[in-house]
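J.: What follows is run.csv, made up of CSV, N, CA and C atoms:
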```
chain,number,residue,atom,x,y,z
A,1,MET,N,50.8,107.7,120.1
A,1,MET,CA,51.5,108.9,120.6
A,1,MET,C,51.4,109.1,122.1
A,2,HIS,N,50.6,108.2,122.7
A,2,HIS,CA,50.3,108.4,124.1
A,2,HIS,C,51.3,107.7,125.0
A,3,VAL,N,52.3,107.0,124.4
A,3,VAL,CA,53.3,106.3,125.1
A,3,VAL,C,54.2,107.3,125.9
A,4,LEU,N,54.6,108.4,125.2
A,4,LEU,CA,55.5,109.3,125.8
A,4,LEU,C,54.8,110.7,126.0
A,5,SER,N,55.3,111.4,127.0
A,5,SER,CA,54.7,112.7,127.3
A,5,SER,C,55.2,113.7,126.3
A,6,ILE,N,54.6,114.8,126.2
A,6,ILE,CA,55.0,115.8,125.2
A,6,ILE,C,56.4,116.3,125.5
A,7,PRO,N,56.8,116.6,126.7
A,7,PRO,CA,58.2,117.0,126.9
A,7,PRO,C,59.2,115.9,126.5
A,8,THR,N,58.9,114.6,126.7
A,8,THR,CA,59.8,113.5,126.2
A,8,THR,C,59.8,113.5,124.7
A,9,TRP,N,58.7,113.7,124.0
A,9,TRP,CA,58.7,113.8,122.6
A,9,TRP,C,59.6,114.9,122.1
A,10,ILE,N,59.5,116.1,122.8
A,10,ILE,CA,60.3,117.2,122.4
A,10,ILE,C,61.8,116.8,122.5
A,11,ILE,N,62.2,116.2,123.5
A,11,ILE,CA,63.6,115.8,123.7
A,11,ILE,C,64.0,114.8,122.6
A,12,HIS,N,63.1,113.8,122.3
A,12,HIS,CA,63.4,112.8,121.3
A,12,HIS,C,63.6,113.4,119.9
A,13,VAL,N,62.7,114.3,119.5
A,13,VAL,CA,62.7,114.9,118.2
A,13,VAL,C,63.9,115.9,118.1
A,14,SER,N,64.0,116.7,119.1
A,14,SER,CA,65.1,117.7,119.1
A,14,SER,C,66.5,117.0,119.1
A,15,SER,N,66.6,115.8,119.7
A,15,SER,CA,67.9,115.1,119.7
A,15,SER,C,68.2,114.6,118.3
A,16,VAL,N,67.2,114.1,117.6
A,16,VAL,CA,67.4,113.6,116.2
A,16,VAL,C,67.8,114.8,115.3
A,17,ILE,N,67.1,115.9,115.5
A,17,ILE,CA,67.4,117.1,114.7
A,17,ILE,C,68.8,117.6,115.0
A,18,GLU,N,69.2,117.6,116.3
A,18,GLU,CA,70.6,118.0,116.7
A,18,GLU,C,71.6,117.1,116.1
A,19,TRP,N,71.3,115.8,116.1
A,19,TRP,CA,72.3,114.8,115.6
A,19,TRP,C,72.5,115.0,114.0
A,20,ILE,N,71.4,115.3,113.3
A,20,ILE,CA,71.5,115.6,111.9
A,20,ILE,C,72.3,116.9,111.7
A,21,ALA,N,72.1,117.9,112.5
A,21,ALA,CA,72.8,119.1,112.4
A,21,ALA,C,74.3,118.9,112.7
A,22,ALA,N,74.6,118.0,113.7
A,22,ALA,CA,76.0,117.7,114.0
A,22,ALA,C,76.7,117.0,112.9
A,23,ILE,N,76.0,116.0,112.3
A,23,ILE,CA,76.6,115.3,111.1
A,23,ILE,C,76.9,116.3,110.0
A,24,TRP,N,76.0,117.2,109.7
A,24,TRP,CA,76.3,118.2,108.6
A,24,TRP,C,77.4,119.1,109.0
A,25,LEU,N,77.4,119.6,110.2
A,25,LEU,CA,78.5,120.5,110.7
A,25,LEU,C,79.9,119.9,110.7
A,26,ILE,N,79.9,118.6,111.1
A,26,ILE,CA,81.2,117.9,111.1
A,26,ILE,C,81.7,117.7,109.7
A,27,TRP,N,80.8,117.4,108.8
A,27,TRP,CA,81.1,117.2,107.4
A,27,TRP,C,81.7,118.5,106.8
A,28,LYS,N,81.0,119.6,107.1
A,28,LYS,CA,81.5,120.9,106.6
A,28,LYS,C,82.9,121.3,107.2
A,29,TYR,N,83.0,121.0,108.5
A,29,TYR,CA,84.3,121.2,109.2
A,29,TYR,C,85.4,120.5,108.5
A,30,GLY,N,85.2,119.2,108.2
A,30,GLY,CA,86.2,118.4,107.5
A,30,GLY,C,86.6,119.0,106.1
A,31,GLU,N,85.5,119.5,105.4
A,31,GLU,CA,85.8,120.2,104.1
A,31,GLU,C,86.7,121.4,104.3
A,32,VAL,N,86.3,122.2,105.3
A,32,VAL,CA,87.1,123.5,105.5
A,32,VAL,C,88.5,123.2,105.9
A,33,ILE,N,88.8,122.3,106.7
A,33,ILE,CA,90.2,122.0,107.1
A,33,ILE,C,90.9,121.1,106.2
A,34,GLY,N,90.2,120.5,105.3
A,34,GLY,CA,90.8,119.6,104.3
A,34,GLY,C,91.2,118.2,104.9
A,35,ASN,N,90.5,117.8,105.9
A,35,ASN,CA,90.8,116.5,106.5
A,35,ASN,C,89.7,115.5,106.3
A,36,ARG,N,89.8,114.5,105.5
A,36,ARG,CA,88.8,113.6,105.2
A,36,ARG,C,88.4,112.7,106.4
A,37,ALA,N,89.2,112.7,107.4
A,37,ALA,CA,88.9,111.9,108.5
A,37,ALA,C,87.6,112.4,109.2
A,38,TRP,N,87.4,113.7,109.2
A,38,TRP,CA,86.2,114.3,109.8
A,38,TRP,C,85.0,113.9,109.0
A,39,GLY,N,85.1,113.7,107.7
A,39,GLY,CA,84.0,113.2,106.9
A,39,GLY,C,83.6,111.8,107.3
A,40,ALA,N,84.6,111.0,107.6
A,40,ALA,CA,84.4,109.7,108.1
A,40,ALA,C,83.6,109.7,109.4
A,41,LEU,N,83.9,110.7,110.3
A,41,LEU,CA,83.2,110.8,111.5
A,41,LEU,C,81.7,111.0,111.2
A,42,SER,N,81.4,111.9,110.3
A,42,SER,CA,80.0,112.2,110.0
A,42,SER,C,79.3,110.9,109.4
A,43,PHE,N,80.0,110.1,108.6
A,43,PHE,CA,79.4,108.8,108.2
A,43,PHE,C,79.3,107.9,109.4
A,44,GLY,N,80.3,107.9,110.3
A,44,GLY,CA,80.2,107.0,111.5
A,44,GLY,C,79.1,107.3,112.4
A,45,MET,N,78.5,108.5,112.3
A,45,MET,CA,77.4,109.0,113.1
A,45,MET,C,76.1,108.4,112.6
A,46,LEU,N,76.0,108.0,111.3
A,46,LEU,CA,74.7,107.6,110.7
A,46,LEU,C,74.1,106.4,111.4
A,47,PRO,N,74.8,105.4,111.8
A,47,PRO,CA,74.1,104.3,112.5
A,47,PRO,C,73.4,104.7,113.8
A,48,ALA,N,74.0,105.6,114.5
A,48,ALA,CA,73.4,106.2,115.7
A,48,ALA,C,72.1,107.0,115.4
A,49,LEU,N,72.2,107.7,114.3
A,49,LEU,CA,71.0,108.4,113.8
A,49,LEU,C,69.8,107.4,113.5
A,50,VAL,N,70.2,106.3,112.8
A,50,VAL,CA,69.2,105.3,112.5
A,50,VAL,C,68.6,104.7,113.7
A,51,SER,N,69.5,104.5,114.7
A,51,SER,CA,69.0,103.9,116.0
A,51,SER,C,68.0,104.9,116.7
A,52,ALA,N,68.3,106.1,116.7
A,52,ALA,CA,67.4,107.1,117.3
A,52,ALA,C,66.0,107.2,116.5
A,53,MET,N,66.1,107.1,115.2
A,53,MET,CA,64.9,107.1,114.4
A,53,MET,C,64.1,105.9,114.6
A,54,CYS,N,64.7,104.7,114.8
A,54,CYS,CA,64.0,103.5,115.2
A,54,CYS,C,63.2,103.7,116.5
A,55,ALA,N,63.9,104.3,117.5
A,55,ALA,CA,63.2,104.5,118.8
A,55,ALA,C,62.0,105.4,118.6
A,56,CYS,N,62.2,106.5,117.9
A,56,CYS,CA,61.1,107.4,117.7
A,56,CYS,C,59.9,106.8,116.9
A,57,THR,N,60.3,106.0,115.9
A,57,THR,CA,59.2,105.3,115.1
A,57,THR,C,58.4,104.4,116.0
A,58,TRP,N,59.1,103.6,116.8
A,58,TRP,CA,58.5,102.6,117.6
A,58,TRP,C,57.5,103.3,118.6
A,59,HIS,N,58.0,104.4,119.2
A,59,HIS,CA,57.2,105.1,120.2
A,59,HIS,C,56.0,105.8,119.5
A,60,PHE,N,56.2,106.3,118.3
A,60,PHE,CA,55.2,106.9,117.5
A,60,PHE,C,54.0,106.0,117.3
A,61,PHE,N,54.3,104.7,117.1
A,61,PHE,CA,53.2,103.7,116.9
A,61,PHE,C,52.9,103.0,118.2
A,62,GLU,N,53.1,103.7,119.3
A,62,GLU,CA,52.7,103.3,120.6
A,62,GLU,C,53.2,101.9,121.0
A,63,ASN,N,54.5,101.7,120.7
A,63,ASN,CA,55.2,100.5,121.0
A,63,ASN,C,54.5,99.2,120.6
A,64,SER,N,54.0,99.3,119.4
A,64,SER,CA,53.2,98.1,118.8
A,64,SER,C,54.1,96.9,118.8
A,65,PRO,N,53.5,95.8,119.3
A,65,PRO,CA,54.2,94.5,119.2
A,65,PRO,C,54.6,94.1,117.8
A,66,SER,N,53.8,94.5,116.8
A,66,SER,CA,54.2,94.1,115.5
A,66,SER,C,55.5,94.8,115.0
A,67,LEU,N,55.9,95.8,115.7
A,67,LEU,CA,57.1,96.6,115.3
A,67,LEU,C,58.2,96.3,116.3
A,68,GLU,N,58.2,95.2,117.0
A,68,GLU,CA,59.3,95.0,118.0
A,68,GLU,C,60.6,94.7,117.3
A,69,TRP,N,60.6,94.4,116.0
A,69,TRP,CA,61.8,94.3,115.2
A,69,TRP,C,62.6,95.6,115.2
A,70,LEU,N,61.9,96.7,115.4
A,70,LEU,CA,62.6,98.0,115.5
A,70,LEU,C,63.5,98.1,116.7
A,71,VAL,N,63.1,97.4,117.8
A,71,VAL,CA,63.9,97.5,119.0
A,71,VAL,C,65.2,96.7,118.7
A,72,THR,N,65.1,95.6,118.0
A,72,THR,CA,66.3,94.8,117.7
A,72,THR,C,67.2,95.6,116.7
A,73,LEU,N,66.6,96.3,115.7
A,73,LEU,CA,67.3,97.1,114.8
A,73,LEU,C,68.0,98.3,115.5
A,74,GLN,N,67.3,98.9,116.5
A,74,GLN,CA,67.8,100.0,117.2
A,74,GLN,C,69.1,99.5,118.0
A,75,ALA,N,68.9,98.4,118.7
A,75,ALA,CA,70.1,97.9,119.5
A,75,ALA,C,71.3,97.6,118.5
A,76,SER,N,71.0,97.0,117.4
A,76,SER,CA,72.0,96.6,116.4
A,76,SER,C,72.7,97.9,115.9
A,77,MET,N,71.9,98.9,115.6
A,77,MET,CA,72.5,100.1,115.1
A,77,MET,C,73.3,100.9,116.2
A,78,THR,N,72.9,100.7,117.4
A,78,THR,CA,73.7,101.3,118.5
A,78,THR,C,75.0,100.7,118.6
A,79,VAL,N,75.1,99.3,118.5
A,79,VAL,CA,76.4,98.6,118.6
A,79,VAL,C,77.2,99.0,117.4
A,80,ILE,N,76.7,98.9,116.2
A,80,ILE,CA,77.4,99.3,115.0
A,80,ILE,C,77.9,100.7,115.1
A,81,GLY,N,77.0,101.6,115.5
A,81,GLY,CA,77.4,103.0,115.6
A,81,GLY,C,78.5,103.2,116.6
A,82,ASN,N,78.6,102.5,117.7
A,82,ASN,CA,79.7,102.6,118.6
A,82,ASN,C,81.0,102.2,118.0
A,83,PHE,N,81.0,101.2,117.2
A,83,PHE,CA,82.2,100.8,116.5
A,83,PHE,C,82.6,101.8,115.4
A,84,THR,N,81.6,102.3,114.6
A,84,THR,CA,81.9,103.2,113.6
A,84,THR,C,82.4,104.5,114.1
A,85,LEU,N,81.9,105.0,115.2
A,85,LEU,CA,82.4,106.2,115.9
A,85,LEU,C,83.8,106.0,116.4
A,86,PHE,N,84.0,104.8,117.0
A,86,PHE,CA,85.4,104.5,117.5
A,86,PHE,C,86.4,104.5,116.3
A,87,ALA,N,86.0,103.9,115.2
A,87,ALA,CA,86.9,103.8,114.1
A,87,ALA,C,87.2,105.2,113.5
A,88,ALA,N,86.1,106.0,113.4
A,88,ALA,CA,86.3,107.4,112.9
A,88,ALA,C,87.2,108.2,113.9
A,89,ALA,N,87.0,108.1,115.2
A,89,ALA,CA,87.8,108.8,116.1
A,89,ALA,C,89.3,108.4,116.0
A,90,TRP,N,89.5,107.1,115.8
A,90,TRP,CA,90.8,106.6,115.6
A,90,TRP,C,91.4,107.2,114.3
A,91,TRP,N,90.7,107.3,113.3
A,91,TRP,CA,91.2,107.8,112.0
A,91,TRP,C,91.5,109.3,112.2
A,92,ILE,N,90.7,110.0,112.9
A,92,ILE,CA,91.0,111.4,113.2
A,92,ILE,C,92.3,111.5,114.0
A,93,TYR,N,92.4,110.7,115.0
A,93,TYR,CA,93.7,110.7,115.8
A,93,TYR,C,94.9,110.4,115.0
A,94,ARG,N,94.8,109.4,114.1
A,94,ARG,CA,95.9,109.0,113.3
A,94,ARG,C,96.3,110.1,112.3
A,95,SER,N,95.2,110.8,111.8
A,95,SER,CA,95.5,111.9,110.8
A,95,SER,C,96.2,113.0,111.5
A,96,THR,N,95.9,113.3,112.7
A,96,THR,CA,96.6,114.4,113.4
A,96,THR,C,98.1,114.0,113.8
A,97,GLN,N,98.3,112.7,114.0
A,97,GLN,CA,99.7,112.2,114.3
A,97,GLN,C,100.5,112.3,113.0
A,98,ILE,N,99.9,111.9,111.9
A,98,ILE,CA,100.7,112.0,110.6
A,98,ILE,C,101.0,113.5,110.3
A,99,ASN,N,100.0,114.4,110.5
A,99,ASN,CA,100.3,115.8,110.3
A,99,ASN,C,101.3,116.4,111.2
A,100,ASP,N,101.4,115.9,112.4
A,100,ASP,CA,102.4,116.4,113.4
A,100,ASP,C,103.8,115.9,112.9
A,101,VAL,N,103.9,114.7,112.5
A,101,VAL,CA,105.2,114.2,112.0
A,101,VAL,C,105.6,115.0,110.8
A,102,GLU,N,104.7,115.2,109.8
A,102,GLU,CA,105.1,116.0,108.6
A,102,GLU,C,105.5,117.4,109.0
A,103,THR,N,104.8,118.0,109.9
A,103,THR,CA,105.2,119.3,110.4
A,103,THR,C,106.5,119.4,111.0
A,104,ASN,N,106.8,118.4,111.9
A,104,ASN,CA,108.1,118.3,112.6
A,104,ASN,C,109.2,118.1,111.5
A,105,GLN,N,109.0,117.2,110.5
A,105,GLN,CA,110.0,117.0,109.5
A,105,GLN,C,110.3,118.2,108.7
A,106,ALA,N,109.2,119.0,108.4
A,106,ALA,CA,109.4,120.2,107.6
A,106,ALA,C,110.2,121.2,108.4
A,107,SER,N,109.9,121.3,109.7
A,107,SER,CA,110.6,122.2,110.6
A,107,SER,C,112.1,121.8,110.7
A,108,ALA,N,112.3,120.5,110.8
A,108,ALA,CA,113.7,120.1,110.9
A,108,ALA,C,114.5,120.4,109.6
A,109,LYS,N,113.9,120.3,108.5
A,109,LYS,CA,114.5,120.6,107.2
A,109,LYS,C,114.8,122.1,107.1
A,110,ALA,N,113.9,122.9,107.6
A,110,ALA,CA,114.1,124.3,107.5
A,110,ALA,C,115.2,124.8,108.4
A,111,VAL,N,115.4,124.1,109.6
A,111,VAL,CA,116.5,124.4,110.5
A,111,VAL,C,117.8,124.0,109.9
A,112,LYS,N,117.9,122.9,109.3
A,112,LYS,CA,119.1,122.4,108.6
A,112,LYS,C,119.6,123.3,107.5
A,113,SER,N,118.6,123.8,106.8
A,113,SER,CA,119.0,124.6,105.6
A,113,SER,C,119.5,126.0,106.0
A,114,GLU,N,119.3,126.4,107.2
A,114,GLU,CA,119.7,127.7,107.7
A,114,GLU,C,121.2,127.7,108.0
```
Show this structure as structure tokens.

T.:
Amino acid sequence: MHVLSIPTWIIHVSSVIEWIAAIWLIWKYGEVIGNRAWGALSFGMLPALVSAMCACTWHFFENSPSLEWLVTLQASMTVIGNFTLFAAAWWIYRSTQINDVETNQASAKAVKSE
């Protein structure tokens, strides 16, 4: 535990807690608005959470050489997380485009029927 200062530990741990809270809040937001794409975003955030936990674990054990595989896992999870977050963001974007088209079509039908 001597590898990082107490303020740095506070930042590391609070960042993990904030990320967990963000995952949960995004999931709930998706449920409230009825858009499953937001649920995908919360799942897309999980690899980044694993990455952060790998870093905290490695530092907790004072950067032990026997745990260097955690560094590789952290890097891998960061890359995977970047792709899953991109995919989830794309899914959210597409879902809003589809909703806009459906709304415009419904408006056009309403105008024609008048």

J.: Would you mind reading off the distance between atom CA of Val3 of chain A and atom CA of Glu62 of chain A, one decimal, in Å?

T.: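 Pair atom CA of Val3 of chain A / atom CA of Glu62 of chain A returns 5.4 Å.
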
J.: Skip segment 38-49 of chain A itself and residues of its chain fewer than 4 positions away, then list as a ChimeraX atom specification all residues within 8 Å of it, counting only N, CA and C atoms.

T.: /A:16,19-20,22-31,34,53-55,74,76-89,91-92

J.: Between atom CA of Ala37 of chain A and atom C of Leu73 of chain A, what is the spacing in Å?

T.: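 For atom C of Leu73 of chain A relative to atom CA of Ala37 of chain A, the distance reads 25.9 Å.
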
J.: Could you tell me how far atom CA of His12 of chain A lies from atom CA of Cys56 of chain A, in Å and to one decimal?

T.: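 About the pair atom CA of His12 of chain A and atom CA of Cys56 of chain A: they are 6.9 Å apart.
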
J.: Would you please extract all alpha helix (DSSP H) residues from segment 15-69 of chain A, as assigned by DSSP on the backbone, and give them as number ranges by chain?

T.: A: 15-33, 36-44, 46-60, 69

J.: Would you fill out segment 10-21 of chain A with all heavy atoms and return it as an mmCIF file, in the coordinates of the input?

T.:
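Final output, out-v6.cif:
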```cif
data_model
loop_
_atom_site.group_PDB
_atom_site.id
_atom_site.type_symbol
_atom_site.label_atom_id
_atom_site.label_comp_id
_atom_site.auth_asym_id
_atom_site.auth_seq_id
_atom_site.Cartn_x
_atom_site.Cartn_y
_atom_site.Cartn_z
ATOM 1 N N ILE A 10 59.500 116.100 122.800
ATOM 2 C CA ILE A 10 60.300 117.200 122.400
ATOM 3 C C ILE A 10 61.800 116.800 122.500
ATOM 4 O O ILE A 10 62.578 117.167 121.568
ATOM 5 C CB ILE A 10 59.959 118.441 123.239
ATOM 6 C CG1 ILE A 10 58.554 118.939 122.884
ATOM 7 C CG2 ILE A 10 60.994 119.554 123.060
ATOM 8 C CD1 ILE A 10 57.996 119.985 123.835
ATOM 9 N N ILE A 11 62.200 116.200 123.500
ATOM 10 C CA ILE A 11 63.600 115.800 123.700
ATOM 11 C C ILE A 11 64.000 114.800 122.600
ATOM 12 O O ILE A 11 65.042 114.897 122.026
ATOM 13 C CB ILE A 11 63.778 115.178 125.116
ATOM 14 C CG1 ILE A 11 63.655 116.281 126.159
ATOM 15 C CG2 ILE A 11 65.121 114.472 125.212
ATOM 16 C CD1 ILE A 11 63.584 115.806 127.575
ATOM 17 N N HIS A 12 63.100 113.800 122.300
ATOM 18 C CA HIS A 12 63.400 112.800 121.300
ATOM 19 C C HIS A 12 63.600 113.400 119.900
ATOM 20 O O HIS A 12 64.619 113.218 119.253
ATOM 21 C CB HIS A 12 62.320 111.735 121.219
ATOM 22 C CG HIS A 12 62.451 110.598 122.171
ATOM 23 N ND1 HIS A 12 62.517 110.764 123.522
ATOM 24 C CD2 HIS A 12 62.519 109.264 121.944
ATOM 25 C CE1 HIS A 12 62.618 109.582 124.105
ATOM 26 N NE2 HIS A 12 62.627 108.644 123.156
ATOM 27 N N VAL A 13 62.700 114.300 119.500
ATOM 28 C CA VAL A 13 62.700 114.900 118.200
ATOM 29 C C VAL A 13 63.900 115.900 118.100
ATOM 30 O O VAL A 13 64.587 115.899 117.128
ATOM 31 C CB VAL A 13 61.351 115.513 117.864
ATOM 32 C CG1 VAL A 13 61.436 116.316 116.582
ATOM 33 C CG2 VAL A 13 60.274 114.436 117.752
ATOM 34 N N SER A 14 64.000 116.700 119.100
ATOM 35 C CA SER A 14 65.100 117.700 119.100
ATOM 36 C C SER A 14 66.500 117.000 119.100
ATOM 37 O O SER A 14 67.421 117.458 118.428
ATOM 38 C CB SER A 14 65.029 118.667 120.245
ATOM 39 O OG SER A 14 65.232 118.022 121.487
ATOM 40 N N SER A 15 66.600 115.800 119.700
ATOM 41 C CA SER A 15 67.900 115.100 119.700
ATOM 42 C C SER A 15 68.200 114.600 118.300
ATOM 43 O O SER A 15 69.330 114.634 117.863
ATOM 44 C CB SER A 15 67.822 113.910 120.689
ATOM 45 O OG SER A 15 67.733 114.364 122.011
ATOM 46 N N VAL A 16 67.200 114.100 117.600
ATOM 47 C CA VAL A 16 67.400 113.600 116.200
ATOM 48 C C VAL A 16 67.800 114.800 115.300
ATOM 49 O O VAL A 16 68.711 114.718 114.545
ATOM 50 C CB VAL A 16 66.100 112.937 115.696
ATOM 51 C CG1 VAL A 16 66.205 112.696 114.199
ATOM 52 C CG2 VAL A 16 65.867 111.619 116.426
ATOM 53 N N ILE A 17 67.100 115.900 115.500
ATOM 54 C CA ILE A 17 67.400 117.100 114.700
ATOM 55 C C ILE A 17 68.800 117.600 115.000
ATOM 56 O O ILE A 17 69.607 117.952 114.102
ATOM 57 C CB ILE A 17 66.378 118.242 114.935
ATOM 58 C CG1 ILE A 17 65.022 117.818 114.360
ATOM 59 C CG2 ILE A 17 66.838 119.570 114.333
ATOM 60 C CD1 ILE A 17 63.865 118.704 114.780
ATOM 61 N N GLU A 18 69.200 117.600 116.300
ATOM 62 C CA GLU A 18 70.600 118.000 116.700
ATOM 63 C C GLU A 18 71.600 117.100 116.100
ATOM 64 O O GLU A 18 72.680 117.521 115.673
ATOM 65 C CB GLU A 18 70.686 118.065 118.197
ATOM 66 C CG GLU A 18 69.932 119.202 118.839
ATOM 67 C CD GLU A 18 69.857 119.065 120.355
ATOM 68 O OE1 GLU A 18 70.397 118.091 120.913
ATOM 69 O OE2 GLU A 18 69.250 119.937 120.986
ATOM 70 N N TRP A 19 71.300 115.800 116.100
ATOM 71 C CA TRP A 19 72.300 114.800 115.600
ATOM 72 C C TRP A 19 72.500 115.000 114.000
ATOM 73 O O TRP A 19 73.592 114.977 113.549
ATOM 74 C CB TRP A 19 71.768 113.399 115.847
ATOM 75 C CG TRP A 19 72.846 112.357 115.784
ATOM 76 C CD1 TRP A 19 72.996 111.424 114.816
ATOM 77 C CD2 TRP A 19 73.906 112.141 116.709
ATOM 78 N NE1 TRP A 19 74.082 110.631 115.088
ATOM 79 C CE2 TRP A 19 74.656 111.047 116.236
ATOM 80 C CE3 TRP A 19 74.291 112.773 117.896
ATOM 81 C CZ2 TRP A 19 75.783 110.562 116.911
ATOM 82 C CZ3 TRP A 19 75.417 112.279 118.555
ATOM 83 C CH2 TRP A 19 76.139 111.194 118.072
ATOM 84 N N ILE A 20 71.400 115.300 113.300
ATOM 85 C CA ILE A 20 71.500 115.600 111.900
ATOM 86 C C ILE A 20 72.300 116.900 111.700
ATOM 87 O O ILE A 20 73.180 116.893 110.804
ATOM 88 C CB ILE A 20 70.063 115.753 111.276
ATOM 89 C CG1 ILE A 20 69.332 114.402 111.280
ATOM 90 C CG2 ILE A 20 70.143 116.330 109.866
ATOM 91 C CD1 ILE A 20 67.848 114.495 110.954
ATOM 92 N N ALA A 21 72.100 117.900 112.500
ATOM 93 C CA ALA A 21 72.800 119.100 112.400
ATOM 94 C C ALA A 21 74.300 118.900 112.700
ATOM 95 O O ALA A 21 75.200 119.388 111.982
ATOM 96 C CB ALA A 21 72.280 120.182 113.323
#
```
